[in-house]
>>> print(open('entry_25.json').read())   # JSON, C-alpha atoms and all ligand atoms
[["chain", "number", "residue", "atom", "x", "y", "z"],
["A", 1, "MET", "CA", 12.17, -9.60, 12.71],
["A", 2, "THR", "CA", 11.90, -6.89, 10.07],
["A", 3, "THR", "CA", 11.97, -3.16, 10.66],
["A", 4, "PHE", "CA", 10.73, -0.65, 8.15],
["A", 5, "GLU", "CA", 11.74, 2.93, 8.91],
["A", 6, "ILE", "CA", 10.68, 6.17, 7.33],
["A", 7, "ARG", "CA", 13.07, 8.79, 8.62],
["A", 8, "GLY", "CA", 12.50, 12.52, 8.23],
["A", 9, "VAL", "CA", 11.15, 12.18, 4.71],
["A", 10, "ARG", "CA", 10.40, 15.31, 2.75],
["A", 11, "ALA", "CA", 9.23, 14.98, -0.83],
["A", 12, "ASP", "CA", 8.23, 17.15, -3.76],
["A", 13, "VAL", "CA", 5.74, 16.38, -6.47],
["A", 14, "LEU", "CA", 7.06, 17.33, -9.89],
["A", 15, "ILE", "CA", 4.44, 19.18, -11.88],
["A", 16, "GLY", "CA", 5.28, 19.39, -15.57],
["A", 17, "GLN", "CA", 8.83, 20.31, -16.57],
["A", 18, "GLU", "CA", 9.59, 23.22, -14.28],
["A", 19, "LYS", "CA", 7.29, 23.25, -11.31],
["A", 20, "ARG", "CA", 7.59, 21.36, -8.07],
["A", 21, "GLU", "CA", 5.76, 21.55, -4.80],
["A", 22, "GLU", "CA", 6.70, 20.17, -1.42],
["A", 23, "ILE", "CA", 4.03, 17.73, -0.25],
["A", 24, "LEU", "CA", 5.74, 15.64, 2.44],
["A", 25, "THR", "CA", 7.06, 17.88, 5.18],
["A", 26, "GLY", "CA", 8.94, 15.47, 7.43],
["A", 27, "VAL", "CA", 7.51, 11.98, 7.90],
["A", 28, "ASP", "CA", 8.83, 9.70, 10.64],
["A", 29, "LEU", "CA", 7.42, 6.23, 11.13],
["A", 30, "THR", "CA", 8.74, 2.82, 12.18],
["A", 31, "ILE", "CA", 6.85, -0.37, 11.45],
["A", 32, "ASN", "CA", 8.03, -3.70, 12.86],
["A", 33, "SER", "CA", 7.09, -7.08, 11.45],
["A", 34, "GLY", "CA", 3.70, -8.26, 12.59],
["A", 35, "GLU", "CA", 2.43, -4.72, 13.17],
["A", 36, "THR", "CA", -0.36, -3.01, 11.26],
["A", 37, "HIS", "CA", -0.25, 0.77, 11.13],
["A", 38, "ALA", "CA", -3.21, 2.68, 9.73],
["A", 39, "ILE", "CA", -2.41, 5.99, 8.08],
["A", 40, "MET", "CA", -5.53, 8.10, 8.03],
["A", 41, "GLY", "CA", -6.08, 11.60, 6.83],
["A", 42, "PRO", "CA", -8.16, 13.98, 4.77],
["A", 43, "ASN", "CA", -8.03, 14.04, 0.98],
["A", 44, "GLY", "CA", -4.97, 15.86, -0.28],
["A", 45, "SER", "CA", -2.95, 15.43, 2.91],
["A", 46, "GLY", "CA", -0.20, 13.53, 1.07],
["A", 47, "LYS", "CA", -0.93, 9.89, 1.94],
["A", 48, "SER", "CA", -0.62, 8.64, -1.64],
["A", 49, "THR", "CA", 2.42, 10.84, -2.17],
["A", 50, "LEU", "CA", 4.07, 8.98, 0.71],
["A", 51, "ALA", "CA", 3.25, 5.64, -0.92],
["A", 52, "TYR", "CA", 4.43, 6.77, -4.37],
["A", 53, "ALA", "CA", 7.61, 8.33, -2.99],
["A", 54, "ILE", "CA", 8.49, 5.05, -1.25],
["A", 55, "ALA", "CA", 7.67, 3.15, -4.45],
["A", 56, "GLY", "CA", 10.08, 5.34, -6.39],
["A", 57, "HIS", "CA", 7.47, 6.85, -8.71],
["A", 58, "PRO", "CA", 9.29, 9.27, -11.07],
["A", 59, "LYS", "CA", 6.83, 12.10, -10.36],
["A", 60, "TYR", "CA", 7.80, 12.26, -6.70],
["A", 61, "GLU", "CA", 11.23, 13.16, -5.42],
["A", 62, "ILE", "CA", 12.42, 12.59, -1.88],
["A", 63, "THR", "CA", 14.49, 15.66, -1.04],
["A", 64, "GLU", "CA", 15.40, 14.76, 2.52],
["A", 65, "GLY", "CA", 15.40, 11.73, 4.79],
["A", 66, "ASP", "CA", 15.55, 8.02, 4.08],
["A", 67, "VAL", "CA", 13.45, 4.86, 3.91],
["A", 68, "LEU", "CA", 15.06, 1.75, 5.32],
["A", 69, "LEU", "CA", 14.14, -1.92, 5.29],
["A", 70, "ASP", "CA", 16.21, -3.72, 7.91],
["A", 71, "GLY", "CA", 18.71, -0.88, 7.87],
["A", 72, "GLN", "CA", 19.09, -0.85, 4.07],
["A", 73, "SER", "CA", 17.96, 2.16, 2.13],
["A", 74, "VAL", "CA", 15.29, 1.13, -0.36],
["A", 75, "LEU", "CA", 15.59, 4.43, -2.20],
["A", 76, "GLU", "CA", 18.74, 3.27, -3.96],
["A", 77, "MET", "CA", 17.14, 0.01, -5.01],
["A", 78, "SER", "CA", 15.44, -0.63, -8.33],
["A", 79, "VAL", "CA", 11.76, -1.52, -8.25],
["A", 80, "ASP", "CA", 12.69, -5.21, -8.67],
["A", 81, "GLU", "CA", 15.25, -5.03, -5.88],
["A", 82, "ARG", "CA", 12.67, -3.50, -3.55],
["A", 83, "ALA", "CA", 10.30, -6.38, -4.28],
["A", 84, "ARG", "CA", 13.06, -8.95, -3.75],
["A", 85, "ALA", "CA", 13.99, -7.29, -0.46],
["A", 86, "GLY", "CA", 10.43, -8.01, 0.66],
["A", 87, "LEU", "CA", 8.67, -4.72, 0.10],
["A", 88, "PHE", "CA", 5.21, -4.89, -1.42],
["A", 89, "LEU", "CA", 3.81, -1.77, -2.98],
["A", 90, "ALA", "CA", 0.60, -2.45, -4.81],
["A", 91, "MET", "CA", 1.00, 0.62, -7.00],
["A", 92, "GLN", "CA", 4.44, -0.33, -8.25],
["A", 93, "TYR", "CA", 2.79, -2.89, -10.49],
["A", 94, "PRO", "CA", 1.44, -1.94, -13.90],
["A", 95, "VAL", "CA", -2.14, -0.83, -13.85],
["A", 96, "GLU", "CA", -2.97, -2.73, -17.02],
["A", 97, "VAL", "CA", -0.98, -5.21, -19.05],
["A", 98, "PRO", "CA", -3.13, -6.23, -21.99],
["A", 99, "GLY", "CA", -2.09, -9.50, -23.61],
["A", 100, "VAL", "CA", -0.31, -10.83, -20.50],
["A", 101, "SER", "CA", -2.50, -13.25, -18.59],
["A", 102, "MET", "CA", -2.95, -12.86, -14.86],
["A", 103, "SER", "CA", -1.50, -16.32, -14.21],
["A", 104, "ASN", "CA", 1.66, -15.60, -16.25],
["A", 105, "PHE", "CA", 2.09, -12.19, -14.69],
["A", 106, "LEU", "CA", 1.67, -13.50, -11.17],
["A", 107, "ARG", "CA", 4.00, -16.47, -11.75],
["A", 108, "SER", "CA", 6.68, -14.07, -13.05],
["A", 109, "ALA", "CA", 6.19, -11.79, -10.06],
["A", 110, "VAL", "CA", 6.45, -14.72, -7.64],
["A", 111, "THR", "CA", 9.54, -15.98, -9.49],
["A", 112, "ALA", "CA", 11.20, -12.56, -9.27],
["A", 113, "VAL", "CA", 10.53, -12.27, -5.55],
["A", 114, "ARG", "CA", 11.37, -15.86, -4.55],
["A", 115, "GLY", "CA", 14.38, -16.06, -6.84],
["A", 116, "GLU", "CA", 13.20, -19.29, -8.46],
["A", 117, "ALA", "CA", 10.20, -20.30, -10.51],
["A", 118, "PRO", "CA", 7.55, -22.20, -8.59],
["A", 119, "LYS", "CA", 6.54, -25.54, -10.13],
["A", 120, "LEU", "CA", 3.73, -24.88, -12.56],
["A", 121, "ARG", "CA", 1.34, -27.36, -11.03],
["A", 122, "THR", "CA", 2.01, -26.21, -7.46],
["A", 123, "PHE", "CA", 1.64, -22.60, -8.48],
["A", 124, "SER", "CA", -1.61, -23.19, -10.40],
["A", 125, "LYS", "CA", -3.07, -24.90, -7.37],
["A", 126, "GLU", "CA", -1.97, -22.11, -5.03],
["A", 127, "LEU", "CA", -3.33, -19.51, -7.45],
["A", 128, "GLN", "CA", -6.72, -21.20, -7.83],
["A", 129, "GLU", "CA", -7.01, -21.63, -4.08],
["A", 130, "THR", "CA", -6.12, -18.02, -3.31],
["A", 131, "MET", "CA", -8.42, -16.74, -6.04],
["A", 132, "GLY", "CA", -11.21, -18.86, -4.61],
["A", 133, "ASN", "CA", -10.64, -17.38, -1.15],
["A", 134, "LEU", "CA", -10.95, -13.90, -2.66],
["A", 135, "SER", "CA", -14.09, -14.83, -4.64],
["A", 136, "ILE", "CA", -12.25, -14.17, -7.89],
["A", 137, "ASP", "CA", -13.72, -16.29, -10.69],
["A", 138, "ALA", "CA", -11.32, -18.93, -12.06],
["A", 139, "SER", "CA", -11.68, -17.44, -15.56],
["A", 140, "PHE", "CA", -9.66, -14.40, -14.43],
["A", 141, "ALA", "CA", -6.43, -16.43, -14.53],
["A", 142, "ALA", "CA", -6.53, -16.32, -18.33],
["A", 143, "ARG", "CA", -7.52, -12.67, -18.61],
["A", 144, "GLY", "CA", -5.12, -9.81, -19.34],
["A", 145, "VAL", "CA", -3.71, -8.17, -16.20],
["A", 146, "ASN", "CA", -6.27, -5.68, -14.95],
["A", 147, "GLU", "CA", -7.67, -5.44, -18.48],
["A", 148, "GLY", "CA", -11.21, -4.19, -18.15],
["A", 149, "PHE", "CA", -11.23, -4.99, -14.44],
["A", 150, "SER", "CA", -13.70, -3.06, -12.31],
["A", 151, "GLY", "CA", -12.37, -1.03, -9.38],
["A", 152, "GLY", "CA", -13.33, -3.79, -6.98],
["A", 153, "GLU", "CA", -11.68, -6.47, -9.15],
["A", 154, "LYS", "CA", -8.42, -4.49, -9.21],
["A", 155, "LYS", "CA", -8.47, -4.27, -5.42],
["A", 156, "ARG", "CA", -9.00, -8.04, -5.12],
["A", 157, "HIS", "CA", -6.12, -8.53, -7.54],
["A", 158, "GLU", "CA", -3.91, -6.40, -5.27],
["A", 159, "ILE", "CA", -4.71, -8.66, -2.34],
["A", 160, "LEU", "CA", -4.17, -11.74, -4.52],
["A", 161, "GLN", "CA", -0.64, -10.44, -5.19],
["A", 162, "LEU", "CA", -0.15, -9.75, -1.50],
["A", 163, "GLU", "CA", -1.14, -13.29, -0.56],
["A", 164, "LEU", "CA", 1.02, -14.90, -3.26],
["A", 165, "LEU", "CA", 4.13, -12.75, -2.84],
["A", 166, "LYS", "CA", 4.25, -13.00, 0.97],
["A", 167, "PRO", "CA", 6.26, -9.80, 1.49],
["A", 168, "LYS", "CA", 7.90, -8.66, 4.71],
["A", 169, "MET", "CA", 6.33, -5.24, 4.50],
["A", 170, "ALA", "CA", 3.21, -4.23, 2.59],
["A", 171, "ILE", "CA", 1.98, -0.76, 1.74],
["A", 172, "LEU", "CA", -1.69, -0.71, 0.79],
["A", 173, "ASP", "CA", -3.08, 2.59, -0.47],
["A", 174, "GLU", "CA", -6.87, 2.93, -0.22],
["A", 175, "THR", "CA", -7.45, -0.75, -0.76],
["A", 176, "ASP", "CA", -10.93, -0.11, 0.59],
["A", 177, "SER", "CA", -11.94, 2.72, -1.73],
["A", 178, "GLY", "CA", -14.92, 2.07, -3.94],
["A", 179, "LEU", "CA", -15.71, -1.33, -2.43],
["A", 180, "ASP", "CA", -19.20, -2.35, -1.49],
["A", 181, "VAL", "CA", -19.80, -3.99, 1.88],
["A", 182, "ASP", "CA", -19.32, -7.56, 0.60],
["A", 183, "ALA", "CA", -16.16, -6.79, -1.39],
["A", 184, "LEU", "CA", -14.73, -4.91, 1.60],
["A", 185, "LYS", "CA", -15.24, -8.01, 3.71],
["A", 186, "VAL", "CA", -13.55, -10.27, 1.14],
["A", 187, "VAL", "CA", -10.59, -7.90, 0.77],
["A", 188, "SER", "CA", -10.25, -7.48, 4.55],
["A", 189, "GLU", "CA", -10.29, -11.24, 5.05],
["A", 190, "GLY", "CA", -7.48, -11.50, 2.49],
["A", 191, "ILE", "CA", -5.39, -8.95, 4.38],
["A", 192, "ASN", "CA", -6.08, -10.81, 7.62],
["A", 193, "ARG", "CA", -5.09, -14.15, 6.04],
["A", 194, "ALA", "CA", -1.83, -12.57, 4.86],
["A", 195, "ARG", "CA", -1.27, -11.20, 8.38],
["A", 196, "SER", "CA", -1.78, -14.56, 10.04],
["A", 197, "ALA", "CA", 0.16, -16.54, 7.42],
["A", 198, "SER", "CA", 3.33, -14.54, 8.09],
["A", 199, "ASP", "CA", 4.51, -11.71, 10.29],
["A", 200, "VAL", "CA", 4.15, -9.15, 7.51],
["A", 201, "GLY", "CA", 4.19, -5.52, 8.57],
["A", 202, "VAL", "CA", 1.35, -3.52, 7.06],
["A", 203, "MET", "CA", 0.95, 0.17, 6.31],
["A", 204, "LEU", "CA", -2.75, 0.55, 5.63],
["A", 205, "ILE", "CA", -3.51, 3.91, 4.07],
["A", 206, "THR", "CA", -7.15, 4.83, 4.24],
["A", 207, "HIS", "CA", -9.52, 7.77, 4.27],
["A", 208, "TYR", "CA", -12.31, 5.90, 6.02],
["A", 209, "THR", "CA", -12.47, 4.10, 9.34],
["A", 210, "ARG", "CA", -14.77, 1.32, 8.10],
["A", 211, "ILE", "CA", -11.98, -1.04, 6.91],
["A", 212, "LEU", "CA", -10.46, -0.79, 10.40],
["A", 213, "GLN", "CA", -13.52, -2.58, 11.78],
["A", 214, "HIS", "CA", -12.40, -5.63, 9.75],
["A", 215, "VAL", "CA", -8.62, -5.16, 9.82],
["A", 216, "ARG", "CA", -7.69, -4.17, 13.35],
["A", 217, "PRO", "CA", -4.67, -1.86, 13.38],
["A", 218, "ASP", "CA", -2.12, -1.85, 16.21],
["A", 219, "TYR", "CA", -1.42, 1.83, 15.66],
["A", 220, "VAL", "CA", -3.27, 4.69, 14.01],
["A", 221, "HIS", "CA", -1.55, 7.78, 12.63],
["A", 222, "VAL", "CA", -3.29, 10.91, 11.47],
["A", 223, "PHE", "CA", -1.75, 12.46, 8.39],
["A", 224, "ALA", "CA", -2.18, 16.19, 7.88],
["A", 225, "GLY", "CA", -0.21, 18.73, 5.92],
["A", 226, "GLY", "CA", 2.24, 16.14, 4.63],
["A", 227, "ARG", "CA", 3.30, 14.64, 7.93],
["A", 228, "ILE", "CA", 2.04, 12.60, 10.87],
["A", 229, "ALA", "CA", 0.14, 15.00, 13.11],
["A", 230, "GLU", "CA", -0.84, 12.51, 15.79],
["A", 231, "SER", "CA", -0.33, 8.84, 16.63],
["A", 232, "GLY", "CA", -2.26, 6.51, 18.88],
["A", 233, "GLY", "CA", -3.89, 3.12, 19.19],
["A", 234, "PRO", "CA", -7.09, 1.90, 17.54],
["A", 235, "GLU", "CA", -9.10, 4.27, 19.75],
["A", 236, "LEU", "CA", -7.72, 7.17, 17.72],
["A", 237, "ALA", "CA", -9.68, 5.85, 14.72],
["A", 238, "ASP", "CA", -12.86, 5.86, 16.80],
["A", 239, "ARG", "CA", -12.19, 9.48, 17.76],
["A", 240, "LEU", "CA", -11.74, 10.38, 14.09],
["A", 241, "GLU", "CA", -15.01, 8.66, 13.27],
["A", 242, "GLU", "CA", -16.75, 10.95, 15.77],
["A", 243, "GLN", "CA", -14.84, 14.19, 15.32],
["A", 244, "GLY", "CA", -13.55, 14.13, 11.75],
["A", 245, "TYR", "CA", -10.27, 15.47, 10.46],
["A", 246, "GLU", "CA", -10.85, 19.19, 10.83],
["A", 247, "GLN", "CA", -8.81, 19.68, 14.00],
["A", 248, "PHE", "CA", -5.84, 17.93, 12.38],
["A", 249, "ALA", "CA", -6.19, 19.72, 9.04],
["A", 250, "LYS", "CA", -5.73, 23.01, 10.93],
["A", 251, "ALA", "CA", -2.76, 21.63, 12.85],
["A", 252, "GLY", "CA", -1.16, 20.50, 9.57],
["A", 253, "ALA", "CA", -1.79, 23.80, 7.80],
["A", 254, "SER", "CA", -0.15, 25.86, 10.54],
["A", 255, "GLN", "CA", 3.14, 23.96, 10.15],
["B", 1, "LIG", "P1", -4.03, 11.96, -0.42],
["B", 1, "LIG", "O1", -3.60, 10.64, -0.93],
["B", 1, "LIG", "O2", -3.83, 12.12, 1.04],
["B", 1, "LIG", "O3", -5.44, 12.29, -0.81],
["B", 1, "LIG", "P2", -2.12, 13.01, -2.33],
["B", 1, "LIG", "O4", -0.80, 12.51, -1.89],
["B", 1, "LIG", "O5", -2.78, 12.32, -3.45],
["B", 1, "LIG", "O6", -3.09, 13.08, -1.07],
["B", 1, "LIG", "O7", -1.99, 14.55, -2.70],
["B", 1, "LIG", "C1", -1.35, 15.49, -1.85],
["B", 1, "LIG", "C2", -1.23, 16.81, -2.57],
["B", 1, "LIG", "O8", -0.27, 16.70, -3.62],
["B", 1, "LIG", "C3", -2.50, 17.30, -3.20],
["B", 1, "LIG", "O9", -2.59, 18.69, -3.02],
["B", 1, "LIG", "C4", -2.34, 16.93, -4.64],
["B", 1, "LIG", "O10", -3.03, 17.81, -5.48],
["B", 1, "LIG", "C5", -0.84, 17.07, -4.84],
["B", 1, "LIG", "N1", -0.36, 16.15, -5.86],
["B", 1, "LIG", "C6", -0.18, 14.82, -5.71],
["B", 1, "LIG", "N2", 0.24, 14.24, -6.85],
["B", 1, "LIG", "C7", 0.28, 15.24, -7.76],
["B", 1, "LIG", "C8", 0.64, 15.30, -9.15],
["B", 1, "LIG", "N3", 1.03, 14.19, -9.82],
["B", 1, "LIG", "N4", 0.58, 16.51, -9.77],
["B", 1, "LIG", "C9", 0.18, 17.60, -9.10],
["B", 1, "LIG", "N5", -0.15, 17.62, -7.80],
["B", 1, "LIG", "C10", -0.12, 16.45, -7.13],
["B", 2, "MG", "MG", -7.01, 10.88, -1.94],
["B", 3, "MG", "MG", -4.56, 9.07, -1.88]]
>>> encode(input="entry_25.json", output="structure tokens")
Amino acid sequence: MTTFEIRGVRADVLIGQEKREEILTGVDLTINSGETHAIMGPNGSGKSTLAYAIAGHPKYEITEGDVLLDGQSVLEMSVDERARAGLFLAMQYPVEVPGVSMSNFLRSAVTAVRGEAPKLRTFSKELQETMGNLSIDASFAARGVNEGFSGGEKKRHEILQLELLKPKMAILDETDSGLDVDALKVVSEGINRARSASDVGVMLITHYTRILQHVRPDYVHVFAGGRIAESGGPELADRLEEQGYEQFAKAGASQ
């Protein structure tokens, strides 16, 4: 049983050399293994900032609070240590690594997380199988990481990493953005396979409710003004679909 806790997190974005602005204004959230929590909210509410702050992106500084995986602060860990502890943050990985093939990159990532290199033949088989499930053409294994990938291909690659790395806790930021209906289905099925293969906890950050029709969340949180403004079950997503974010945007702004 894994517990991921975000406790009273406040964070600034660093703008240039001198300027900073507080974006996260006190985020509290606990995710247990096997649970999927959707974080929904209007553009600019700070959802990605939360993901980047947890990932340790240098542009974002947590000024208060803590983030704990099984009681251990991840904020003091290096990016590698976070991955080895079982935290999966899609955006911690390089956007593009020209010259490094997908298969080499993924084998290194799996080696780093598992602590030992998987046998080449076993890994190749697992990779081909997982790629096939995600409708990623076999030729991609030899291509440079994300080099010239379309938006949809990058998203599939994220889910490919998720399925191969088998983390304890996964943070997925707008995995659904820019996907057509078919790609959304493929990506959602990948998330669902990862969920049923292990008891991974998932933080699914999204602007739109449509992915939640494929990936059923256990909890839904509305993000507004840099914090969680309301929490509920899946029915909260249905209410958002009907009523929009306006009521929450006002609530967040008045904080
Ligand atoms: P969301 O993901 O919910 O759309 P973001 O976390 O991307 O929201 O952004 C929250 C706020 O922080 C926005 O007002 C955005 O302009 C600001 N912000 C985020 N990152 C940066 C940055 N690197 N430089 C300047 N402002 C930023
Ligand atoms: Mg956004
Ligand atoms: Mg965002």
>>> atom_distance(input="entry_25.json", atom1="atom C5 of ligand LIG 1 (chain B)", atom2="atom CA of A:Ala55")
16.3 Å
>>> residues_around(input="entry_25.json", residues="stretch 157-169 of chain A", least_positions_apart="3", cutoff="7 Å", atoms="only C-alpha atoms", output="ChimeraX atom specification")
/A:2,33,86-88,90,110,113,130-131,153-154,187,190-191,194,200-202
>>> residues_near_ligand(input="entry_25.json", ligand="ligand LIG 1 (chain B)", cutoff="10 Å", atoms="only C-alpha atoms and all ligand atoms", output="PyMOL selection string")
chain A and resi 12-16+19-24+39-53+57-60+173-174+205-207+223-226
>>> atom_distance(input="entry_25.json", atom1="atom CA of A:Ser231", atom2="atom CA of A:Leu89")
22.7 Å
>>> atom_distance(input="entry_25.json", atom1="atom CA of A:Ile62", atom2="atom CA of A:Asp28")
13.3 Å
>>> residues_near_point(input="entry_25.json", point="(13.0, -9.6, -4.0)", cutoff="8 Å", atoms="all atoms listed in the file", output="compact mmCIF listing (two decimals) with C-alpha atoms, in the coordinates of the input")
# COMPACT_ATOMS: atom_id res chain seq x y z
CA ASP A 80 12.69 -5.21 -8.67
CA GLU A 81 15.25 -5.03 -5.88
CA ARG A 82 12.67 -3.50 -3.55
CA ALA A 83 10.30 -6.38 -4.28
CA ARG A 84 13.06 -8.95 -3.75
CA ALA A 85 13.99 -7.29 -0.46
CA GLY A 86 10.43 -8.01 0.66
CA LEU A 87 8.67 -4.72 0.10
CA ALA A 112 11.20 -12.56 -9.27
CA VAL A 113 10.53 -12.27 -5.55
CA ARG A 114 11.37 -15.86 -4.55
CA GLY A 115 14.38 -16.06 -6.84
>>> closest_residue(input="entry_25.json", among="A:Ile211, A:Val222, A:Ala138, A:Val74", to="A:Val181", atoms="all atoms listed in the file")
A:Ile211
>>> decode(input="entry_25.json", residues="stretch 161-179 of chain A", atoms="N, CA and C atoms", output="compact mmCIF listing (two decimals), in the first residue's frame")
# COMPACT_ATOMS: atom_id res chain seq x y z
N GLN A 161 5.86 4.63 -21.61
CA GLN A 161 6.75 4.70 -20.43
C GLN A 161 6.02 4.25 -19.18
N LEU A 162 4.80 4.73 -19.02
CA LEU A 162 4.00 4.38 -17.85
C LEU A 162 3.84 2.86 -17.74
N GLU A 163 3.51 2.23 -18.87
CA GLU A 163 3.29 0.78 -18.85
C GLU A 163 4.57 0.00 -18.59
N LEU A 164 5.70 0.52 -19.11
CA LEU A 164 6.97 -0.21 -18.94
C LEU A 164 7.56 0.00 -17.55
N LEU A 165 7.42 1.22 -17.02
CA LEU A 165 8.09 1.55 -15.76
C LEU A 165 7.32 1.07 -14.53
N LYS A 166 6.02 0.83 -14.69
CA LYS A 166 5.20 0.31 -13.60
C LYS A 166 5.44 1.03 -12.27
N PRO A 167 5.17 2.33 -12.25
CA PRO A 167 5.41 3.12 -11.03
C PRO A 167 4.36 2.84 -9.97
N LYS A 168 4.63 3.36 -8.76
CA LYS A 168 3.64 3.27 -7.69
C LYS A 168 2.63 4.40 -7.81
N MET A 169 3.12 5.52 -8.32
CA MET A 169 2.29 6.73 -8.37
C MET A 169 2.60 7.46 -9.66
N ALA A 170 1.58 7.75 -10.45
CA ALA A 170 1.79 8.40 -11.74
C ALA A 170 1.05 9.73 -11.82
N ILE A 171 1.75 10.74 -12.28
CA ILE A 171 1.13 12.05 -12.49
C ILE A 171 1.10 12.31 -13.98
N LEU A 172 -0.10 12.42 -14.52
CA LEU A 172 -0.28 12.59 -15.96
C LEU A 172 -0.92 13.95 -16.21
N ASP A 173 -0.18 14.83 -16.87
CA ASP A 173 -0.68 16.18 -17.10
C ASP A 173 -1.21 16.33 -18.52
N GLU A 174 -2.50 16.49 -18.65
CA GLU A 174 -3.16 16.69 -19.94
C GLU A 174 -2.72 15.68 -20.98
N THR A 175 -2.75 14.42 -20.55
CA THR A 175 -2.44 13.33 -21.47
C THR A 175 -3.44 13.28 -22.61
N ASP A 176 -4.60 13.88 -22.40
CA ASP A 176 -5.66 13.82 -23.39
C ASP A 176 -5.65 15.00 -24.36
N SER A 177 -4.80 16.01 -24.11
CA SER A 177 -4.92 17.22 -24.92
C SER A 177 -4.43 16.97 -26.34
N GLY A 178 -5.18 17.47 -27.28
CA GLY A 178 -4.81 17.36 -28.68
C GLY A 178 -4.97 15.98 -29.30
N LEU A 179 -5.67 15.09 -28.61
CA LEU A 179 -5.87 13.75 -29.17
C LEU A 179 -7.22 13.67 -29.89
